[in-house]
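Student: What follows is input11.pdb, PDB, C-alpha atoms.
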ATOM      1  CA  MET A   1      42.737 117.545 333.999  1.00  0.00           C
ATOM      2  CA  LYS A   2      39.656 118.846 332.249  1.00  0.00           C
ATOM      3  CA  ALA A   3      40.168 120.497 328.875  1.00  0.00           C
ATOM      4  CA  VAL A   4      37.956 123.387 329.948  1.00  0.00           C
ATOM      5  CA  ARG A   5      40.665 124.429 332.425  1.00  0.00           C
ATOM      6  CA  CYS A   6      43.015 125.069 329.496  1.00  0.00           C
ATOM      7  CA  LEU A   7      40.570 127.342 327.666  1.00  0.00           C
ATOM      8  CA  PRO A   8      41.314 130.458 329.734  1.00  0.00           C
ATOM      9  CA  SER A   9      45.017 129.950 328.981  1.00  0.00           C
ATOM     10  CA  GLY A  10      44.327 129.845 325.257  1.00  0.00           C
ATOM     11  CA  ILE A  11      41.934 132.797 325.303  1.00  0.00           C
ATOM     12  CA  LEU A  12      44.108 135.029 327.480  1.00  0.00           C
ATOM     13  CA  SER A  13      47.224 134.170 325.466  1.00  0.00           C
ATOM     14  CA  ALA A  14      45.477 135.217 322.255  1.00  0.00           C
ATOM     15  CA  LEU A  15      44.218 138.388 323.922  1.00  0.00           C
ATOM     16  CA  GLY A  16      47.779 139.181 325.004  1.00  0.00           C
ATOM     17  CA  ASN A  17      48.907 139.014 321.385  1.00  0.00           C
ATOM     18  CA  LEU A  18      45.997 141.210 320.289  1.00  0.00           C
ATOM     19  CA  LEU A  19      46.839 143.682 323.048  1.00  0.00           C
ATOM     20  CA  SER A  20      50.423 143.842 321.806  1.00  0.00           C
ATOM     21  CA  GLN A  21      49.260 144.483 318.242  1.00  0.00           C
ATOM     22  CA  GLY A  22      46.823 147.132 319.440  1.00  0.00           C
ATOM     23  CA  LEU A  23      49.497 148.934 321.435  1.00  0.00           C
ATOM     24  CA  ARG A  24      51.897 148.864 318.472  1.00  0.00           C
ATOM     25  CA  ARG A  25      49.215 150.235 316.132  1.00  0.00           C
ATOM     26  CA  ARG A  26      48.163 152.896 318.608  1.00  0.00           C
ATOM     27  CA  GLY A  27      51.779 153.996 318.984  1.00  0.00           C
ATOM     28  CA  LYS A  28      51.998 154.374 315.208  1.00  0.00           C
ATOM     29  CA  GLY A  29      48.675 156.226 315.041  1.00  0.00           C
ATOM     30  CA  SER A  30      47.056 153.414 313.025  1.00  0.00           C
ATOM     31  CA  SER A  31      43.486 152.222 313.327  1.00  0.00           C
ATOM     32  CA  LEU A  32      43.231 149.378 315.846  1.00  0.00           C
ATOM     33  CA  GLY A  33      40.830 147.211 313.872  1.00  0.00           C
ATOM     34  CA  LYS A  34      42.556 147.621 310.540  1.00  0.00           C
ATOM     35  CA  GLY A  35      45.231 145.201 309.444  1.00  0.00           C
ATOM     36  CA  LEU A  36      45.381 142.964 312.489  1.00  0.00           C
ATOM     37  CA  GLU A  37      47.575 139.955 311.963  1.00  0.00           C
ATOM     38  CA  TRP A  38      45.288 137.077 312.985  1.00  0.00           C
ATOM     39  CA  LEU A  39      47.872 134.285 312.852  1.00  0.00           C
ATOM     40  CA  GLY A  40      49.634 135.755 315.892  1.00  0.00           C
ATOM     41  CA  PRO A  41      46.630 135.389 318.215  1.00  0.00           C
ATOM     42  CA  ALA A  42      45.954 131.945 316.739  1.00  0.00           C
ATOM     43  CA  ARG A  43      49.517 130.829 317.528  1.00  0.00           C
ATOM     44  CA  PHE A  44      49.333 132.274 321.037  1.00  0.00           C
ATOM     45  CA  ALA A  45      45.946 130.612 321.597  1.00  0.00           C
ATOM     46  CA  ALA A  46      47.359 127.247 320.506  1.00  0.00           C
ATOM     47  CA  TYR A  47      50.337 127.719 322.799  1.00  0.00           C
ATOM     48  CA  GLY A  48      48.162 128.732 325.749  1.00  0.00           C
ATOM     49  CA  LEU A  49      45.720 125.900 325.195  1.00  0.00           C
ATOM     50  CA  CYS A  50      48.260 123.127 324.555  1.00  0.00           C
ATOM     51  CA  VAL A  51      51.259 124.231 326.620  1.00  0.00           C
ATOM     52  CA  THR A  52      50.598 126.967 329.182  1.00  0.00           C
ATOM     53  CA  GLY A  53      47.377 125.528 330.593  1.00  0.00           C
ATOM     54  CA  PRO A  54      48.419 121.900 331.065  1.00  0.00           C
ATOM     55  CA  VAL A  55      52.078 122.525 331.955  1.00  0.00           C
ATOM     56  CA  SER A  56      51.189 125.181 334.530  1.00  0.00           C
ATOM     57  CA  HIS A  57      48.494 122.983 336.035  1.00  0.00           C
ATOM     58  CA  TYR A  58      50.890 120.073 336.524  1.00  0.00           C
ATOM     59  CA  PHE A  59      53.728 122.319 337.689  1.00  0.00           C
ATOM     60  CA  TYR A  60      51.601 123.765 340.491  1.00  0.00           C
ATOM     61  CA  GLN A  61      50.420 120.277 341.457  1.00  0.00           C
ATOM     62  CA  CYS A  62      54.019 118.991 341.552  1.00  0.00           C
ATOM     63  CA  LEU A  63      55.162 122.025 343.505  1.00  0.00           C
ATOM     64  CA  GLU A  64      52.638 121.147 346.214  1.00  0.00           C
ATOM     65  CA  LEU A  65      54.049 117.609 346.388  1.00  0.00           C
ATOM     66  CA  LEU A  66      57.712 118.640 346.255  1.00  0.00           C
ATOM     67  CA  VAL A  67      57.419 121.496 348.738  1.00  0.00           C
ATOM     68  CA  PRO A  68      54.326 121.121 350.913  1.00  0.00           C
ATOM     69  CA  SER A  69      53.252 124.105 352.969  1.00  0.00           C
ATOM     70  CA  SER A  70      54.416 122.241 356.086  1.00  0.00           C
ATOM     71  CA  ALA A  71      58.044 122.162 354.849  1.00  0.00           C
ATOM     72  CA  SER A  72      60.511 124.512 356.463  1.00  0.00           C
ATOM     73  CA  HIS A  73      61.168 127.635 354.405  1.00  0.00           C
ATOM     74  CA  CYS A  74      58.522 126.479 351.918  1.00  0.00           C
ATOM     75  CA  VAL A  75      57.826 130.050 350.759  1.00  0.00           C
ATOM     76  CA  LEU A  76      61.427 130.563 349.677  1.00  0.00           C
ATOM     77  CA  LYS A  77      61.892 127.047 348.293  1.00  0.00           C
ATOM     78  CA  ARG A  78      58.779 127.280 346.107  1.00  0.00           C
ATOM     79  CA  LEU A  79      59.772 130.673 344.774  1.00  0.00           C
ATOM     80  CA  LEU A  80      63.317 129.529 343.984  1.00  0.00           C
ATOM     81  CA  LEU A  81      62.073 126.417 342.188  1.00  0.00           C
ATOM     82  CA  ASP A  82      59.712 128.521 340.119  1.00  0.00           C
ATOM     83  CA  ARG A  83      62.082 131.373 339.323  1.00  0.00           C
ATOM     84  CA  LEU A  84      65.340 129.436 338.793  1.00  0.00           C
ATOM     85  CA  ILE A  85      64.122 126.155 337.278  1.00  0.00           C
ATOM     86  CA  PHE A  86      60.617 126.493 335.882  1.00  0.00           C
ATOM     87  CA  ALA A  87      60.739 130.049 334.488  1.00  0.00           C
ATOM     88  CA  PRO A  88      63.911 129.627 332.382  1.00  0.00           C
ATOM     89  CA  ALA A  89      62.731 126.275 330.999  1.00  0.00           C
ATOM     90  CA  PHE A  90      59.197 127.509 330.331  1.00  0.00           C
ATOM     91  CA  LEU A  91      60.470 130.605 328.512  1.00  0.00           C
ATOM     92  CA  LEU A  92      62.725 128.429 326.362  1.00  0.00           C
ATOM     93  CA  VAL A  93      59.727 126.219 325.525  1.00  0.00           C
ATOM     94  CA  PHE A  94      57.830 129.368 324.531  1.00  0.00           C
ATOM     95  CA  PHE A  95      60.593 130.412 322.137  1.00  0.00           C
ATOM     96  CA  LEU A  96      60.757 126.893 320.676  1.00  0.00           C
ATOM     97  CA  ALA A  97      56.984 126.526 320.307  1.00  0.00           C
ATOM     98  CA  MET A  98      56.579 129.928 318.658  1.00  0.00           C
ATOM     99  CA  ASN A  99      59.451 129.163 316.313  1.00  0.00           C
ATOM    100  CA  PHE A 100      57.723 125.922 315.328  1.00  0.00           C
ATOM    101  CA  LEU A 101      54.277 127.559 315.008  1.00  0.00           C
ATOM    102  CA  GLU A 102      55.759 130.302 312.834  1.00  0.00           C
ATOM    103  CA  GLY A 103      57.382 127.682 310.578  1.00  0.00           C
ATOM    104  CA  LYS A 104      60.890 128.993 311.159  1.00  0.00           C
ATOM    105  CA  SER A 105      64.155 127.093 310.983  1.00  0.00           C
ATOM    106  CA  TRP A 106      66.284 125.704 313.783  1.00  0.00           C
ATOM    107  CA  ALA A 107      68.895 128.353 312.937  1.00  0.00           C
ATOM    108  CA  ALA A 108      66.246 131.064 313.420  1.00  0.00           C
ATOM    109  CA  PHE A 109      65.397 129.566 316.822  1.00  0.00           C
ATOM    110  CA  GLN A 110      69.052 129.522 317.854  1.00  0.00           C
ATOM    111  CA  ASN A 111      69.493 133.120 316.727  1.00  0.00           C
ATOM    112  CA  ARG A 112      66.388 134.250 318.586  1.00  0.00           C
ATOM    113  CA  VAL A 113      67.536 132.526 321.760  1.00  0.00           C
ATOM    114  CA  ARG A 114      70.976 134.079 321.398  1.00  0.00           C
ATOM    115  CA  THR A 115      69.615 137.601 320.832  1.00  0.00           C
ATOM    116  CA  GLU A 116      66.385 137.741 322.878  1.00  0.00           C
ATOM    117  CA  TYR A 117      66.257 135.008 325.516  1.00  0.00           C
ATOM    118  CA  TRP A 118      68.447 136.576 328.199  1.00  0.00           C
ATOM    119  CA  SER A 119      66.695 139.962 328.136  1.00  0.00           C
ATOM    120  CA  ALA A 120      63.282 138.231 328.143  1.00  0.00           C
ATOM    121  CA  LEU A 121      64.330 136.048 331.090  1.00  0.00           C
ATOM    122  CA  LYS A 122      65.554 139.058 333.078  1.00  0.00           C
ATOM    123  CA  MET A 123      62.258 140.817 332.368  1.00  0.00           C
ATOM    124  CA  ASN A 124      60.427 137.633 333.420  1.00  0.00           C
ATOM    125  CA  TRP A 125      62.224 137.660 336.746  1.00  0.00           C
ATOM    126  CA  LYS A 126      61.418 141.353 337.274  1.00  0.00           C
ATOM    127  CA  VAL A 127      57.746 141.107 336.316  1.00  0.00           C
ATOM    128  CA  TRP A 128      56.756 137.652 337.500  1.00  0.00           C
ATOM    129  CA  THR A 129      58.629 137.279 340.794  1.00  0.00           C
ATOM    130  CA  PRO A 130      56.205 139.287 342.984  1.00  0.00           C
ATOM    131  CA  PHE A 131      53.161 137.736 341.289  1.00  0.00           C
ATOM    132  CA  GLN A 132      54.521 134.210 341.586  1.00  0.00           C
ATOM    133  CA  PHE A 133      55.427 134.801 345.212  1.00  0.00           C
ATOM    134  CA  ILE A 134      51.758 135.551 345.873  1.00  0.00           C
ATOM    135  CA  ASN A 135      50.485 132.847 343.521  1.00  0.00           C
ATOM    136  CA  ILE A 136      52.481 129.862 344.742  1.00  0.00           C
ATOM    137  CA  ASN A 137      52.255 130.717 348.408  1.00  0.00           C
ATOM    138  CA  TYR A 138      48.825 132.266 348.962  1.00  0.00           C
ATOM    139  CA  VAL A 139      46.502 131.432 346.064  1.00  0.00           C
ATOM    140  CA  PRO A 140      44.729 128.051 346.443  1.00  0.00           C
ATOM    141  CA  VAL A 141      46.258 125.522 344.053  1.00  0.00           C
ATOM    142  CA  GLN A 142      43.036 125.161 342.026  1.00  0.00           C
ATOM    143  CA  PHE A 143      43.137 128.899 341.153  1.00  0.00           C
ATOM    144  CA  ARG A 144      46.861 129.307 340.456  1.00  0.00           C
ATOM    145  CA  VAL A 145      46.664 128.759 336.702  1.00  0.00           C
ATOM    146  CA  LEU A 146      43.850 131.305 336.436  1.00  0.00           C
ATOM    147  CA  PHE A 147      45.755 133.845 338.537  1.00  0.00           C
ATOM    148  CA  ALA A 148      48.867 133.334 336.408  1.00  0.00           C
ATOM    149  CA  ASN A 149      46.797 133.591 333.212  1.00  0.00           C
ATOM    150  CA  LEU A 150      45.508 137.007 334.241  1.00  0.00           C
ATOM    151  CA  VAL A 151      49.064 138.249 334.756  1.00  0.00           C
ATOM    152  CA  ALA A 152      50.120 136.457 331.567  1.00  0.00           C
ATOM    153  CA  LEU A 153      47.690 138.534 329.524  1.00  0.00           C
ATOM    154  CA  PHE A 154      50.128 141.420 329.875  1.00  0.00           C
ATOM    155  CA  TRP A 155      53.209 139.195 329.823  1.00  0.00           C
ATOM    156  CA  TYR A 156      52.214 137.709 326.457  1.00  0.00           C
ATOM    157  CA  ALA A 157      51.658 141.229 325.143  1.00  0.00           C
ATOM    158  CA  TYR A 158      55.261 141.925 326.117  1.00  0.00           C
ATOM    159  CA  LEU A 159      56.552 138.675 324.566  1.00  0.00           C
ATOM    160  CA  ALA A 160      54.619 139.294 321.358  1.00  0.00           C
ATOM    161  CA  SER A 161      56.173 142.751 321.106  1.00  0.00           C
ATOM    162  CA  VAL A 162      59.679 141.349 321.769  1.00  0.00           C
ATOM    163  CA  ARG A 163      59.218 138.827 318.973  1.00  0.00           C
ATOM    164  CA  LYS A 164      58.511 141.521 316.356  1.00  0.00           C
TER     165      LYS A 164
END
Produce structure tokens that represent the structure in this file.
Tutor:
Amino acid sequence: MKAVRCLPSGILSALGNLLSQGLRRRGKGSSLGKGLEWLGPARFAAYGLCVTGPVSHYFYQCLELLVPSSASHCVLKRLLLDRLIFAPAFLLVFFLAMNFLEGKSWAAFQNRVRTEYWSALKMNWKVWTPFQFININYVPVQFRVLFANLVALFWYAYLASVRK
């Protein structure tokens, strides 16, 4: 996989964090450009570049091998694999990676999972299910990561706001 394919994941992840900060500041009546926390977008960019891009790319490739479009009930099987296996694991990896990138303890990670994971996973299922249905069944495999990254711009804004 070419590294350039991971760049949109890094850029859009960082933009999602900036969007979250902008929305929080706007809600408080603060100036958008003043006092931005730049480590947040840097962490999200690193995560998008090193995790989201490559993991998503290989997941979509494997999904094509595991459940080819010629398989019976492939639409449902692909969606179930994504929503019930990949999404929970990927969200847990997000929590772990952000904990590590923020320099927090294992106890902090466990507490965050205990207090925030379930509500974030339920929101993931609500938000992502229709988009992933379209993505994994109708978007050509070479464009799936990009399609997901565009949706993820807003999803990462949500996750960044949950983590505050």
Student: Extract, using all atoms listed in the file, all DNA, RNA and protein residues at most 12 Å from Phe94 in chain A, discarding same-chain residues fewer than 3 positions from it, and format them as a ChimeraX atom specification.
Tutor: /A:13,43-44,46-48,50-52,55,87-91,97-102,109,112-113,117,120-121,156,159-160,163
Student: Under the PyMOL selection byres ((chain A and resi 5) around 12), which residues of this model are included? Write them out as an NGL selection string.
Tutor: :A and (1-4 or 6-11 or 48-50 or 52-58 or 142-146 or 149)
Student: Grab the residues selected above and save them as a compact mmCIF listing (two decimals), in the coordinates of the input with C-alpha atoms.
Tutor:
# COMPACT_ATOMS: atom_id res chain seq x y z
CA MET A 1 42.74 117.54 334.00
CA LYS A 2 39.66 118.85 332.25
CA ALA A 3 40.17 120.50 328.88
CA VAL A 4 37.96 123.39 329.95
CA CYS A 6 43.02 125.07 329.50
CA LEU A 7 40.57 127.34 327.67
CA PRO A 8 41.31 130.46 329.73
CA SER A 9 45.02 129.95 328.98
CA GLY A 10 44.33 129.84 325.26
CA ILE A 11 41.93 132.80 325.30
CA GLY A 48 48.16 128.73 325.75
CA LEU A 49 45.72 125.90 325.20
CA CYS A 50 48.26 123.13 324.56
CA THR A 52 50.60 126.97 329.18
CA GLY A 53 47.38 125.53 330.59
CA PRO A 54 48.42 121.90 331.06
CA VAL A 55 52.08 122.52 331.96
CA SER A 56 51.19 125.18 334.53
CA HIS A 57 48.49 122.98 336.04
CA TYR A 58 50.89 120.07 336.52
CA GLN A 142 43.04 125.16 342.03
CA PHE A 143 43.14 128.90 341.15
CA ARG A 144 46.86 129.31 340.46
CA VAL A 145 46.66 128.76 336.70
CA LEU A 146 43.85 131.30 336.44
CA ASN A 149 46.80 133.59 333.21
Student: Quick one: which residues end up in the PyMOL selection byres ((chain A and resi 133) around 12) for this structure, as a compact mmCIF listing (two decimals) with C-alpha atoms, in the coordinates of the input?
Tutor:
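Here's the written file part.txt:
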# COMPACT_ATOMS: atom_id res chain seq x y z
CA CYS A 74 58.52 126.48 351.92
CA VAL A 75 57.83 130.05 350.76
CA LEU A 76 61.43 130.56 349.68
CA LYS A 77 61.89 127.05 348.29
CA ARG A 78 58.78 127.28 346.11
CA LEU A 79 59.77 130.67 344.77
CA LEU A 80 63.32 129.53 343.98
CA LEU A 81 62.07 126.42 342.19
CA ASP A 82 59.71 128.52 340.12
CA ARG A 83 62.08 131.37 339.32
CA TRP A 125 62.22 137.66 336.75
CA LYS A 126 61.42 141.35 337.27
CA VAL A 127 57.75 141.11 336.32
CA TRP A 128 56.76 137.65 337.50
CA THR A 129 58.63 137.28 340.79
CA PRO A 130 56.20 139.29 342.98
CA PHE A 131 53.16 137.74 341.29
CA GLN A 132 54.52 134.21 341.59
CA ILE A 134 51.76 135.55 345.87
CA ASN A 135 50.48 132.85 343.52
CA ILE A 136 52.48 129.86 344.74
CA ASN A 137 52.26 130.72 348.41
CA TYR A 138 48.82 132.27 348.96
CA VAL A 139 46.50 131.43 346.06
CA ARG A 144 46.86 129.31 340.46
CA PHE A 147 45.76 133.84 338.54
CA ALA A 148 48.87 133.33 336.41
Student: Near Trp38 in chain A, within 12 Å and counting only C-alpha atoms, which residues show up once chain neighbours fewer than 4 positions away are dropped, as an NGL selection string?
Tutor: :A and (14-15 or 17-18 or 21 or 33-34 or 42-45)
Student: By how many Å are CA of Val151 in chain A and CA of Leu12 in chain A apart?
Tutor: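 Interatomic distance here is 9.4 Å.
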Student: Quick one, how far is CA of Phe154 in chain A from CA of Gln61 in chain A?
Tutor: 24.1 Å
Student: Figure out the distance between CA of Ala108 in chain A and CA of Gly16 in chain A, please, to one decimal in Å.
Tutor: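 CA of Ala108 in chain A lies at a distance of 23.3 Å from CA of Gly16 in chain A.
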Student: Please supply range 124-135 of chain A, rebuilt with all heavy atoms, as a PDB file, in the frame of the given file.
Tutor:
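Done, and the output landed in result-v4.pdb:
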ATOM      1  N   ASN A 124      61.289 138.604 332.753  1.00  0.00           N
ATOM      2  CA  ASN A 124      60.427 137.633 333.420  1.00  0.00           C
ATOM      3  C   ASN A 124      60.666 137.663 334.916  1.00  0.00           C
ATOM      4  O   ASN A 124      59.722 137.702 335.711  1.00  0.00           O
ATOM      5  CB  ASN A 124      60.691 136.231 332.844  1.00  0.00           C
ATOM      6  CG  ASN A 124      59.871 135.151 333.507  1.00  0.00           C
ATOM      7  OD1 ASN A 124      60.023 134.883 334.696  1.00  0.00           O
ATOM      8  ND2 ASN A 124      59.017 134.516 332.747  1.00  0.00           N
ATOM      9  N   TRP A 125      61.913 137.641 335.317  1.00  0.00           N
ATOM     10  CA  TRP A 125      62.224 137.660 336.746  1.00  0.00           C
ATOM     11  C   TRP A 125      61.722 138.940 337.399  1.00  0.00           C
ATOM     12  O   TRP A 125      61.200 138.908 338.508  1.00  0.00           O
ATOM     13  CB  TRP A 125      63.723 137.499 336.962  1.00  0.00           C
ATOM     14  CG  TRP A 125      64.220 136.105 336.718  1.00  0.00           C
ATOM     15  CD1 TRP A 125      63.506 134.941 336.804  1.00  0.00           C
ATOM     16  CD2 TRP A 125      65.542 135.726 336.360  1.00  0.00           C
ATOM     17  NE1 TRP A 125      64.304 133.863 336.510  1.00  0.00           N
ATOM     18  CE2 TRP A 125      65.564 134.315 336.239  1.00  0.00           C
ATOM     19  CE3 TRP A 125      66.710 136.424 336.121  1.00  0.00           C
ATOM     20  CZ2 TRP A 125      66.712 133.606 335.901  1.00  0.00           C
ATOM     21  CZ3 TRP A 125      67.853 135.722 335.783  1.00  0.00           C
ATOM     22  CH2 TRP A 125      67.850 134.327 335.681  1.00  0.00           C
ATOM     23  N   LYS A 126      61.862 140.072 336.712  1.00  0.00           N
ATOM     24  CA  LYS A 126      61.418 141.353 337.274  1.00  0.00           C
ATOM     25  C   LYS A 126      59.894 141.398 337.404  1.00  0.00           C
ATOM     26  O   LYS A 126      59.367 141.819 338.433  1.00  0.00           O
ATOM     27  CB  LYS A 126      61.870 142.513 336.378  1.00  0.00           C
ATOM     28  CG  LYS A 126      63.335 142.801 336.441  1.00  0.00           C
ATOM     29  CD  LYS A 126      63.677 143.910 335.462  1.00  0.00           C
ATOM     30  CE  LYS A 126      65.171 144.059 335.310  1.00  0.00           C
ATOM     31  NZ  LYS A 126      65.501 145.046 334.273  1.00  0.00           N
ATOM     32  N   VAL A 127      59.205 140.994 336.355  1.00  0.00           N
ATOM     33  CA  VAL A 127      57.746 141.107 336.316  1.00  0.00           C
ATOM     34  C   VAL A 127      57.066 140.020 337.140  1.00  0.00           C
ATOM     35  O   VAL A 127      56.179 140.303 337.946  1.00  0.00           O
ATOM     36  CB  VAL A 127      57.238 141.066 334.855  1.00  0.00           C
ATOM     37  CG1 VAL A 127      55.727 140.929 334.784  1.00  0.00           C
ATOM     38  CG2 VAL A 127      57.717 142.291 334.091  1.00  0.00           C
ATOM     39  N   TRP A 128      57.485 138.782 336.933  1.00  0.00           N
ATOM     40  CA  TRP A 128      56.756 137.652 337.500  1.00  0.00           C
ATOM     41  C   TRP A 128      57.066 137.339 338.955  1.00  0.00           C
ATOM     42  O   TRP A 128      56.239 136.737 339.648  1.00  0.00           O
ATOM     43  CB  TRP A 128      56.995 136.397 336.657  1.00  0.00           C
ATOM     44  CG  TRP A 128      56.132 136.328 335.467  1.00  0.00           C
ATOM     45  CD1 TRP A 128      56.431 136.740 334.199  1.00  0.00           C
ATOM     46  CD2 TRP A 128      54.792 135.840 335.415  1.00  0.00           C
ATOM     47  NE1 TRP A 128      55.374 136.520 333.376  1.00  0.00           N
ATOM     48  CE2 TRP A 128      54.351 135.969 334.085  1.00  0.00           C
ATOM     49  CE3 TRP A 128      53.922 135.303 336.355  1.00  0.00           C
ATOM     50  CZ2 TRP A 128      53.083 135.573 333.678  1.00  0.00           C
ATOM     51  CZ3 TRP A 128      52.660 134.912 335.955  1.00  0.00           C
ATOM     52  CH2 TRP A 128      52.246 135.047 334.626  1.00  0.00           C
ATOM     53  N   THR A 129      58.241 137.703 339.445  1.00  0.00           N
ATOM     54  CA  THR A 129      58.629 137.279 340.794  1.00  0.00           C
ATOM     55  C   THR A 129      57.619 137.696 341.867  1.00  0.00           C
ATOM     56  O   THR A 129      57.179 136.846 342.649  1.00  0.00           O
ATOM     57  CB  THR A 129      60.059 137.729 341.123  1.00  0.00           C
ATOM     58  OG1 THR A 129      60.937 137.116 340.170  1.00  0.00           O
ATOM     59  CG2 THR A 129      60.462 137.319 342.528  1.00  0.00           C
ATOM     60  N   PRO A 130      57.191 138.957 341.934  1.00  0.00           N
ATOM     61  CA  PRO A 130      56.205 139.287 342.984  1.00  0.00           C
ATOM     62  C   PRO A 130      54.868 138.569 342.797  1.00  0.00           C
ATOM     63  O   PRO A 130      54.250 138.129 343.770  1.00  0.00           O
ATOM     64  CB  PRO A 130      56.028 140.804 342.870  1.00  0.00           C
ATOM     65  CG  PRO A 130      56.772 141.249 341.681  1.00  0.00           C
ATOM     66  CD  PRO A 130      57.619 140.133 341.189  1.00  0.00           C
ATOM     67  N   PHE A 131      54.435 138.417 341.533  1.00  0.00           N
ATOM     68  CA  PHE A 131      53.161 137.736 341.289  1.00  0.00           C
ATOM     69  C   PHE A 131      53.250 136.247 341.625  1.00  0.00           C
ATOM     70  O   PHE A 131      52.326 135.685 342.207  1.00  0.00           O
ATOM     71  CB  PHE A 131      52.722 137.919 339.827  1.00  0.00           C
ATOM     72  CG  PHE A 131      52.342 139.321 339.502  1.00  0.00           C
ATOM     73  CD1 PHE A 131      53.146 140.097 338.683  1.00  0.00           C
ATOM     74  CD2 PHE A 131      51.185 139.889 340.024  1.00  0.00           C
ATOM     75  CE1 PHE A 131      52.804 141.405 338.384  1.00  0.00           C
ATOM     76  CE2 PHE A 131      50.833 141.195 339.737  1.00  0.00           C
ATOM     77  CZ  PHE A 131      51.650 141.961 338.911  1.00  0.00           C
ATOM     78  N   GLN A 132      54.371 135.629 341.279  1.00  0.00           N
ATOM     79  CA  GLN A 132      54.521 134.210 341.586  1.00  0.00           C
ATOM     80  C   GLN A 132      54.701 133.977 343.075  1.00  0.00           C
ATOM     81  O   GLN A 132      54.269 132.961 343.599  1.00  0.00           O
ATOM     82  CB  GLN A 132      55.684 133.602 340.796  1.00  0.00           C
ATOM     83  CG  GLN A 132      55.310 133.312 339.351  1.00  0.00           C
ATOM     84  CD  GLN A 132      54.185 132.296 339.252  1.00  0.00           C
ATOM     85  OE1 GLN A 132      52.994 132.608 339.392  1.00  0.00           O
ATOM     86  NE2 GLN A 132      54.535 131.054 338.998  1.00  0.00           N
ATOM     87  N   PHE A 133      55.325 134.913 343.751  1.00  0.00           N
ATOM     88  CA  PHE A 133      55.427 134.801 345.212  1.00  0.00           C
ATOM     89  C   PHE A 133      54.033 134.694 345.814  1.00  0.00           C
ATOM     90  O   PHE A 133      53.753 133.829 346.646  1.00  0.00           O
ATOM     91  CB  PHE A 133      56.179 135.998 345.794  1.00  0.00           C
ATOM     92  CG  PHE A 133      56.218 135.987 347.286  1.00  0.00           C
ATOM     93  CD1 PHE A 133      57.123 135.189 347.956  1.00  0.00           C
ATOM     94  CD2 PHE A 133      55.329 136.758 348.035  1.00  0.00           C
ATOM     95  CE1 PHE A 133      57.154 135.156 349.350  1.00  0.00           C
ATOM     96  CE2 PHE A 133      55.348 136.738 349.427  1.00  0.00           C
ATOM     97  CZ  PHE A 133      56.263 135.938 350.081  1.00  0.00           C
ATOM     98  N   ILE A 134      53.151 135.574 345.392  1.00  0.00           N
ATOM     99  CA  ILE A 134      51.758 135.551 345.873  1.00  0.00           C
ATOM    100  C   ILE A 134      51.063 134.286 345.406  1.00  0.00           C
ATOM    101  O   ILE A 134      50.413 133.585 346.189  1.00  0.00           O
ATOM    102  CB  ILE A 134      51.002 136.812 345.381  1.00  0.00           C
ATOM    103  CG1 ILE A 134      51.576 138.068 346.028  1.00  0.00           C
ATOM    104  CG2 ILE A 134      49.495 136.684 345.649  1.00  0.00           C
ATOM    105  CD1 ILE A 134      51.160 139.363 345.365  1.00  0.00           C
ATOM    106  N   ASN A 135      51.208 133.973 344.129  1.00  0.00           N
ATOM    107  CA  ASN A 135      50.485 132.847 343.521  1.00  0.00           C
ATOM    108  C   ASN A 135      50.833 131.517 344.181  1.00  0.00           C
ATOM    109  O   ASN A 135      49.946 130.773 344.598  1.00  0.00           O
ATOM    110  CB  ASN A 135      50.770 132.802 342.023  1.00  0.00           C
ATOM    111  CG  ASN A 135      49.820 131.908 341.268  1.00  0.00           C
ATOM    112  OD1 ASN A 135      48.745 131.570 341.733  1.00  0.00           O
ATOM    113  ND2 ASN A 135      50.214 131.542 340.073  1.00  0.00           N
TER     114      ASN A 135
END
